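File shown here: structure19.cif, holding mmCIF, C-alpha atoms.
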data_data
loop_
_atom_site.label_atom_id
_atom_site.label_comp_id
_atom_site.auth_asym_id
_atom_site.auth_seq_id
_atom_site.Cartn_x
_atom_site.Cartn_y
_atom_site.Cartn_z
CA MET K 1 -13.50 -18.04 -55.39
CA LYS K 2 -10.57 -17.39 -53.09
CA ASN K 3 -11.57 -13.75 -52.70
CA LEU K 4 -15.12 -14.80 -51.97
CA LEU K 5 -13.96 -17.14 -49.22
CA ILE K 6 -11.75 -14.45 -47.71
CA LYS K 7 -14.58 -11.91 -47.76
CA SER K 8 -16.93 -14.45 -46.24
CA ALA K 9 -14.45 -15.23 -43.45
CA ILE K 10 -13.91 -11.54 -42.75
CA ALA K 11 -17.65 -10.87 -42.68
CA SER K 12 -18.21 -13.79 -40.33
CA GLY K 13 -15.48 -12.54 -38.04
CA VAL K 14 -16.95 -9.07 -37.95
CA ILE K 15 -20.41 -10.46 -37.23
CA LEU K 16 -19.05 -12.64 -34.43
CA SER K 17 -17.17 -9.70 -32.93
CA LEU K 18 -20.19 -7.41 -33.06
CA ALA K 19 -22.45 -10.09 -31.59
CA THR K 20 -20.00 -10.70 -28.78
CA ILE K 21 -19.63 -7.01 -28.00
CA THR K 22 -23.33 -6.17 -28.09
CA ARG K 23 -24.67 -9.09 -26.05
CA PRO K 24 -25.29 -8.52 -22.31
CA ALA K 25 -22.18 -8.62 -20.12
CA THR K 26 -23.79 -11.31 -17.97
CA ALA K 27 -26.48 -13.81 -18.78
CA ALA K 28 -29.24 -14.57 -16.30
CA SER K 29 -27.28 -16.95 -14.07
CA PHE K 30 -29.85 -16.66 -11.29
CA ALA K 31 -33.19 -18.39 -10.98
CA VAL K 32 -35.65 -16.30 -8.97
CA SER K 33 -38.82 -17.42 -7.22
CA ILE K 34 -41.30 -16.19 -4.65
CA GLU K 35 -42.98 -18.11 -1.85
CA GLY K 36 -46.71 -18.12 -1.26
CA ALA K 37 -48.52 -15.07 0.10
CA GLY K 38 -47.87 -14.57 3.81
CA VAL K 39 -44.70 -16.72 3.88
CA GLN K 40 -41.89 -14.82 5.58
CA ASN K 41 -39.13 -17.45 5.78
CA ALA K 42 -37.06 -19.54 3.40
CA ASN K 43 -37.84 -23.21 2.84
CA LEU K 44 -35.00 -24.36 5.08
CA SER K 45 -35.52 -28.07 4.36
CA ASN K 46 -34.44 -27.33 0.78
CA LEU K 47 -31.22 -25.56 1.80
CA VAL K 48 -27.81 -26.96 2.72
CA ASN K 49 -25.72 -25.26 5.41
CA SER K 50 -28.13 -22.35 5.78
CA HIS K 51 -28.06 -19.35 8.12
CA ILE K 52 -30.66 -16.66 8.91
CA ASP K 53 -30.24 -13.09 10.12
CA THR K 54 -33.34 -11.64 11.80
CA PHE K 55 -31.64 -8.37 12.86
CA ASP K 56 -33.53 -8.45 16.17
CA SER K 57 -30.34 -8.22 18.23
CA GLN K 58 -29.02 -5.18 16.36
CA THR K 59 -29.18 -1.59 17.59
CA GLN K 60 -31.92 0.52 16.06
CA GLY K 61 -30.76 3.33 13.78
CA TYR K 62 -28.12 4.08 11.14
CA SER K 63 -24.50 2.90 11.33
CA GLY K 64 -21.78 3.59 8.80
CA THR K 65 -19.58 0.80 10.16
CA GLY K 66 -22.45 -1.68 10.33
CA PHE K 67 -22.20 -4.97 12.20
CA ASP K 68 -21.18 -8.63 11.94
CA TRP K 69 -23.60 -11.41 11.10
CA LYS K 70 -22.89 -14.32 13.42
CA ASP K 71 -24.58 -17.66 13.93
CA GLY K 72 -23.37 -18.63 17.38
CA GLN K 73 -19.58 -18.33 17.19
CA THR K 74 -19.52 -18.63 13.42
CA LYS K 75 -19.14 -15.42 11.44
CA ILE K 76 -21.34 -15.54 8.35
CA GLY K 77 -20.46 -12.08 7.10
CA SER K 78 -20.54 -8.38 7.86
CA TYR K 79 -22.84 -5.54 6.85
CA SER K 80 -21.74 -1.95 6.24
CA ASN K 81 -23.67 1.31 5.92
CA THR K 82 -26.73 -0.11 7.65
CA LEU K 83 -30.11 1.07 8.88
CA ILE K 84 -32.06 -1.01 11.42
CA VAL K 85 -35.69 -0.12 12.10
CA ASN K 86 -38.15 -1.27 14.76
CA ALA K 87 -41.20 -3.21 13.61
CA ASP K 88 -43.85 -1.11 11.87
CA GLN K 89 -46.27 -1.42 8.96
CA TYR K 90 -43.37 -1.46 6.50
CA GLY K 91 -41.36 -4.35 7.90
CA ALA K 92 -40.23 -6.91 10.52
CA ALA K 93 -41.22 -10.52 9.93
CA GLY K 94 -43.92 -11.67 12.31
CA GLY K 95 -44.73 -8.07 13.13
CA THR K 96 -42.18 -7.93 15.94
CA GLY K 97 -38.50 -7.22 16.43
CA LYS K 98 -36.49 -5.24 13.86
CA TYR K 99 -35.76 -5.19 10.17
CA PHE K 100 -33.13 -4.11 7.64
CA ASP K 101 -33.66 -1.00 5.52
CA VAL K 102 -31.96 1.18 2.91
CA ASP K 103 -33.58 4.60 3.02
CA THR K 104 -32.11 7.99 2.18
CA ASN K 105 -34.64 9.87 4.30
CA ARG K 106 -34.86 7.59 7.34
CA SER K 107 -31.11 7.13 7.70
CA GLY K 108 -30.47 10.87 7.92
CA ASN K 109 -27.17 10.23 6.11
CA GLY K 110 -28.25 10.01 2.50
CA GLN K 111 -27.96 6.21 2.58
CA THR K 112 -28.62 4.67 -0.83
CA VAL K 113 -26.69 1.38 -0.62
CA SER K 114 -25.77 -1.19 2.04
CA THR K 115 -23.33 -4.06 1.54
CA LEU K 116 -23.13 -7.60 2.90
CA ASN K 117 -19.67 -9.16 2.68
CA LEU K 118 -19.85 -12.92 3.17
CA ALA K 119 -17.15 -14.92 4.92
CA THR K 120 -17.54 -17.85 2.52
CA PRO K 121 -19.05 -18.13 -1.00
CA GLN K 122 -22.77 -18.93 -1.14
CA SER K 123 -25.11 -20.11 -3.89
CA TYR K 124 -28.46 -19.08 -2.36
CA PHE K 125 -29.83 -15.88 -0.90
CA GLY K 126 -33.35 -15.16 0.29
CA LEU K 127 -35.15 -12.32 2.02
CA TRP K 128 -38.59 -11.30 3.16
CA TRP K 129 -39.21 -8.28 0.93
CA SER K 130 -41.68 -5.99 2.69
CA ALA K 131 -43.42 -2.82 1.51
CA GLY K 132 -42.01 -3.65 -1.89
CA ASP K 133 -41.66 -1.18 -4.73
CA ALA K 134 -39.92 -0.91 -8.09
CA ASN K 135 -36.95 1.15 -6.85
CA ASN K 136 -34.96 -1.63 -5.15
CA VAL K 137 -31.82 -3.15 -6.67
CA ILE K 138 -29.96 -6.22 -5.41
CA THR K 139 -26.50 -6.95 -6.80
CA PHE K 140 -24.48 -10.13 -6.35
CA LEU K 141 -20.69 -10.08 -6.67
CA SER K 142 -17.88 -12.63 -6.60
CA GLN K 143 -14.32 -11.53 -5.84
CA GLY K 144 -15.25 -7.94 -6.65
CA GLN K 145 -16.88 -8.74 -9.99
CA VAL K 146 -20.63 -8.31 -10.56
CA VAL K 147 -22.31 -11.67 -11.11
CA GLN K 148 -25.84 -10.35 -11.43
CA SER K 149 -27.68 -7.10 -10.77
CA LEU K 150 -31.45 -7.23 -10.50
CA THR K 151 -34.23 -4.74 -9.88
CA THR K 152 -37.58 -5.43 -8.26
CA ALA K 153 -39.66 -3.63 -10.89
CA ASP K 154 -40.66 -6.85 -12.61
CA VAL K 155 -41.39 -8.61 -9.31
CA VAL K 156 -43.99 -5.94 -8.64
CA SER K 157 -45.35 -6.48 -12.14
CA TYR K 158 -45.38 -10.26 -11.72
CA ILE K 159 -47.29 -10.17 -8.44
CA SER K 160 -49.80 -7.66 -9.82
CA LYS K 161 -50.81 -10.19 -12.49
CA LEU K 162 -51.38 -13.12 -10.14
CA PRO K 163 -55.00 -14.20 -9.61
CA ASN K 164 -54.44 -13.97 -5.84
CA LYS K 165 -52.45 -10.72 -6.01
CA ALA K 166 -54.54 -9.16 -3.24
CA SER K 167 -53.08 -11.75 -0.84
CA TYR K 168 -49.60 -10.27 -1.35
CA TYR K 169 -50.64 -6.68 -0.72
CA SER K 170 -50.62 -5.03 2.73
CA ASN K 171 -48.73 -6.15 5.83
CA PRO K 172 -49.77 -9.77 6.62
CA ASN K 173 -48.95 -9.67 10.34
CA SER K 174 -51.72 -9.25 12.92
CA THR K 175 -50.02 -6.28 14.60
CA PHE K 176 -50.19 -4.27 11.38
CA GLN K 177 -52.91 -6.22 9.58
CA ASN K 178 -54.03 -4.65 6.26
CA GLN K 179 -51.81 -1.60 6.72
CA ASN K 180 -49.84 -0.24 3.74
CA SER K 181 -52.21 -1.95 1.31
CA GLY K 182 -50.63 -0.31 -1.73
CA GLU K 183 -47.41 -2.34 -1.62
CA PRO K 184 -46.62 -6.08 -1.91
CA TYR K 185 -44.94 -8.32 0.69
CA ALA K 186 -43.22 -11.53 -0.42
CA PHE K 187 -40.33 -13.86 0.37
CA ILE K 188 -37.97 -13.91 -2.61
CA ASN K 189 -35.45 -16.68 -3.38
CA PHE K 190 -32.31 -16.07 -5.45
CA TYR K 191 -30.57 -19.23 -6.71
CA ASP K 192 -27.15 -18.85 -8.32
CA VAL K 193 -27.10 -21.78 -10.75
CA GLY K 194 -23.88 -20.70 -12.42
CA GLY K 195 -21.57 -20.56 -9.43
CA THR K 196 -21.32 -18.67 -6.14
CA PHE K 197 -21.17 -15.12 -4.77
CA ASP K 198 -19.45 -13.56 -1.77
CA GLN K 199 -21.02 -10.11 -1.62
CA VAL K 200 -24.53 -8.70 -1.83
CA GLN K 201 -25.38 -5.03 -2.31
CA PHE K 202 -28.79 -3.56 -1.50
CA THR K 203 -29.57 -0.31 -3.30
CA ASN K 204 -32.57 1.98 -3.25
CA ILE K 205 -32.67 4.17 -6.36
CA GLY K 206 -35.62 6.35 -5.35
CA GLY K 207 -36.91 8.23 -2.34
CA THR K 208 -38.61 5.11 -0.98
CA GLY K 209 -37.05 2.42 1.20
CA PHE K 210 -35.69 -1.07 0.55
CA GLU K 211 -37.16 -2.92 3.53
CA SER K 212 -36.32 -6.58 4.18
CA ASP K 213 -35.92 -9.17 6.91
CA ASN K 214 -34.87 -12.77 7.51
CA HIS K 215 -31.85 -12.62 5.22
CA THR K 216 -30.93 -16.24 4.46
CA VAL K 217 -27.85 -17.74 2.82
CA ALA K 218 -26.90 -21.31 1.93
CA THR K 219 -23.87 -22.90 0.34
CA SER K 220 -26.12 -25.08 -1.82
CA TYR K 221 -29.72 -26.17 -2.32
CA LYS K 222 -31.59 -29.33 -3.34
CA SER K 223 -33.94 -27.77 -5.88
CA ILE K 224 -35.52 -24.50 -6.92
CA THR K 225 -38.70 -24.07 -4.88
CA GLY K 226 -41.52 -21.54 -4.81
CA SER K 227 -43.24 -19.97 -7.80
CA VAL K 228 -40.48 -19.50 -10.34
CA VAL K 229 -40.56 -16.07 -11.91
CA THR K 230 -37.43 -16.48 -14.02
CA GLN K 231 -35.26 -19.40 -15.07
CA ALA K 232 -31.50 -19.04 -15.29
CA VAL K 233 -29.86 -18.80 -18.72
CA PRO K 234 -26.21 -19.90 -18.46
CA GLU K 235 -23.87 -17.54 -20.27
CA SER K 236 -21.88 -20.39 -21.82
CA SER K 237 -24.84 -21.49 -23.93
CA SER K 238 -25.42 -18.00 -25.26
CA VAL K 239 -21.75 -17.68 -26.23
CA LEU K 240 -21.91 -21.00 -28.10
CA GLY K 241 -25.04 -19.85 -29.88
CA VAL K 242 -23.40 -16.63 -31.02
CA PHE K 243 -20.31 -18.52 -32.19
CA THR K 244 -22.37 -20.97 -34.19
CA ILE K 245 -24.60 -18.46 -35.96
CA GLY K 246 -21.76 -16.04 -36.59
CA PHE K 247 -20.69 -18.04 -39.61
CA VAL K 248 -24.14 -18.26 -41.11
CA GLY K 249 -24.38 -14.56 -41.94
CA ALA K 250 -25.68 -11.26 -40.69
CA ALA K 251 -29.28 -12.03 -41.56
CA SER K 252 -29.17 -15.30 -39.66
CA VAL K 253 -27.65 -13.58 -36.63
CA MET K 254 -30.40 -10.97 -36.58
CA THR K 255 -33.26 -13.43 -37.00
CA ARG K 256 -32.12 -16.34 -34.87
CA ARG K 257 -30.51 -14.65 -31.86
CA ALA K 258 -32.10 -16.11 -28.75
CA LYS K 259 -33.95 -13.63 -26.59
CA LYS K 260 -33.12 -13.88 -22.93
CA LYS K 261 -36.08 -13.43 -20.61
CA SER K 262 -35.86 -12.13 -17.04
CA VAL K 263 -38.68 -11.26 -14.66
CA LEU K 264 -36.15 -9.24 -12.73
CA GLN K 265 -34.59 -6.58 -14.97
CA LEU K 266 -30.85 -6.87 -15.54
CA SER K 267 -28.91 -3.67 -15.07
#
Structure re-expressed in structure tokens:
Amino acid sequence: MKNLLIKSAIASGVILSLATITRPATAASFAVSIEGAGVQNANLSNLVNSHIDTFDSQTQGYSGTGFDWKDGQTKIGSYSNTLIVNADQYGAAGGTGKYFDVDTNRSGNGQTVSTLNLATPQSYFGLWWSAGDANNVITFLSQGQVVQSLTTADVVSYISKLPNKASYYSNPNSTFQNQNSGEPYAFINFYDVGGTFDQVQFTNIGGTGFESDNHTVATSYKSITGSVVTQAVPESSSVLGVFTIGFVGAASVMTRRAKKKSVLQLS
């Protein structure tokens, strides 16, 4: 009996260790939603201490050093390795001004990633995602550690299944009305329900661009608004689940492990 108990304890420990090692490094701590077709701004009434960067005052072209994001005299953050483009069919909210891009070809410098370093931790980030495609990656970090890394592949898939999907495709602004009809345009909200972040990285993993505008941050928010495409799954609950089922046995672990769902793929 004693040997049986020892073997059982050892087996449970091994199962718990394997489950802990093989589960994702981060759970889905972000809730993600999109606003209605044609919306190009965040729902500011839902945000607390929010700030918006329209990029209209920035110099057109590529800059390795980037620029500061200021709201009056307050520094919100700083961007590095940036590309600013004049309004065209691919971007610029309202069809005027300028927009933010990550594009290897347009930059002329092999640009694949741009970074936003925030002056203070934030719990919300939003952007008008224009000329969207599946090759864009947005990564949130806190004190140098990745909090969440998400790709836009599933956002494209989600929009393509909506009954009004046609409303999201092509540039919605009158200046470029119905141009670039093969790609979606949507305002995306990212809510960090598990804490805060102080850095955002924008990466384009293909030969296309990662066009966006109206970057918005907020220290907190009242609720999660828009059409929710994924709910957050706190990591603490998944750890507790693994701990609990670890002592039931290998078969129980394999059959009862909760499947995390994410409309934005975790990388």
Which residues fall under the PyMOL selection byres ((chain K and resi 137) around 10) in this file, as a ChimeraX atom specification? /K:113,134-136,138-139,149-153,201-205,210,264-267
Atom CA of K:Asp198 to atom CA of K:Asn41, distance in Å rounded to a single decimal: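 Separating atom CA of K:Asp198 from atom CA of K:Asn41 is a distance of 21.4 Å.
Excluding K:Val146 itself and same-chain residues fewer than 2 positions from it, the residues having an atom within 10 Å of it are Ala25, Thr26, Thr139, Phe140, Leu141, Ser142, Gln143, Gly144, Gln148, Ser149, Phe197, Gln199 and Val200 of chain K, counting all atoms listed in the file.
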Got time to write the residues from that selection, C-alpha atoms, as a short mmCIF file (atom, residue, chain, number, x, y, z; two decimals), keeping the file's coordinate frame?
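Final output, result15.cif:
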data_model
loop_
_atom_site.label_atom_id
_atom_site.label_comp_id
_atom_site.auth_asym_id
_atom_site.auth_seq_id
_atom_site.Cartn_x
_atom_site.Cartn_y
_atom_site.Cartn_z
CA ALA K 25 -22.18 -8.62 -20.12
CA THR K 26 -23.79 -11.31 -17.97
CA THR K 139 -26.50 -6.95 -6.80
CA PHE K 140 -24.48 -10.13 -6.35
CA LEU K 141 -20.69 -10.08 -6.67
CA SER K 142 -17.88 -12.63 -6.60
CA GLN K 143 -14.32 -11.53 -5.84
CA GLY K 144 -15.25 -7.94 -6.65
CA GLN K 148 -25.84 -10.35 -11.43
CA SER K 149 -27.68 -7.10 -10.77
CA PHE K 197 -21.17 -15.12 -4.77
CA GLN K 199 -21.02 -10.11 -1.62
CA VAL K 200 -24.53 -8.70 -1.83
#
Quick one: everything within 12 Å of stretch 154-170 of chain K, counting all atoms listed in the file, minus sequence neighbours fewer than 3 positions away in the same chain. Send it as a ChimeraX atom specification. /K:32-40,89-91,128-137,150-151,173-189,227-230,261-266
Can you pull out every residue within 10 Å of K:His51, counting all atoms listed in the file, but drop anything in the same chain fewer than 3 positions away, and send it as a ChimeraX atom specification? /K:44,47-48,69-71,76,125,214-219
Option closest in space to K:Ala42, from K:Gly126, K:Gly66, K:Gly95, K:Gly226 [counting all atoms listed in the file]: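 Smallest distance to K:Ala42 is found for K:Gly126.
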For a test of reading the model, state the distance in Å between atom CA of K:Asn81 and atom CA of K:Gly206, rounded to one decimal.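 Atom CA of K:Asn81 sits 17.2 Å away from atom CA of K:Gly206.
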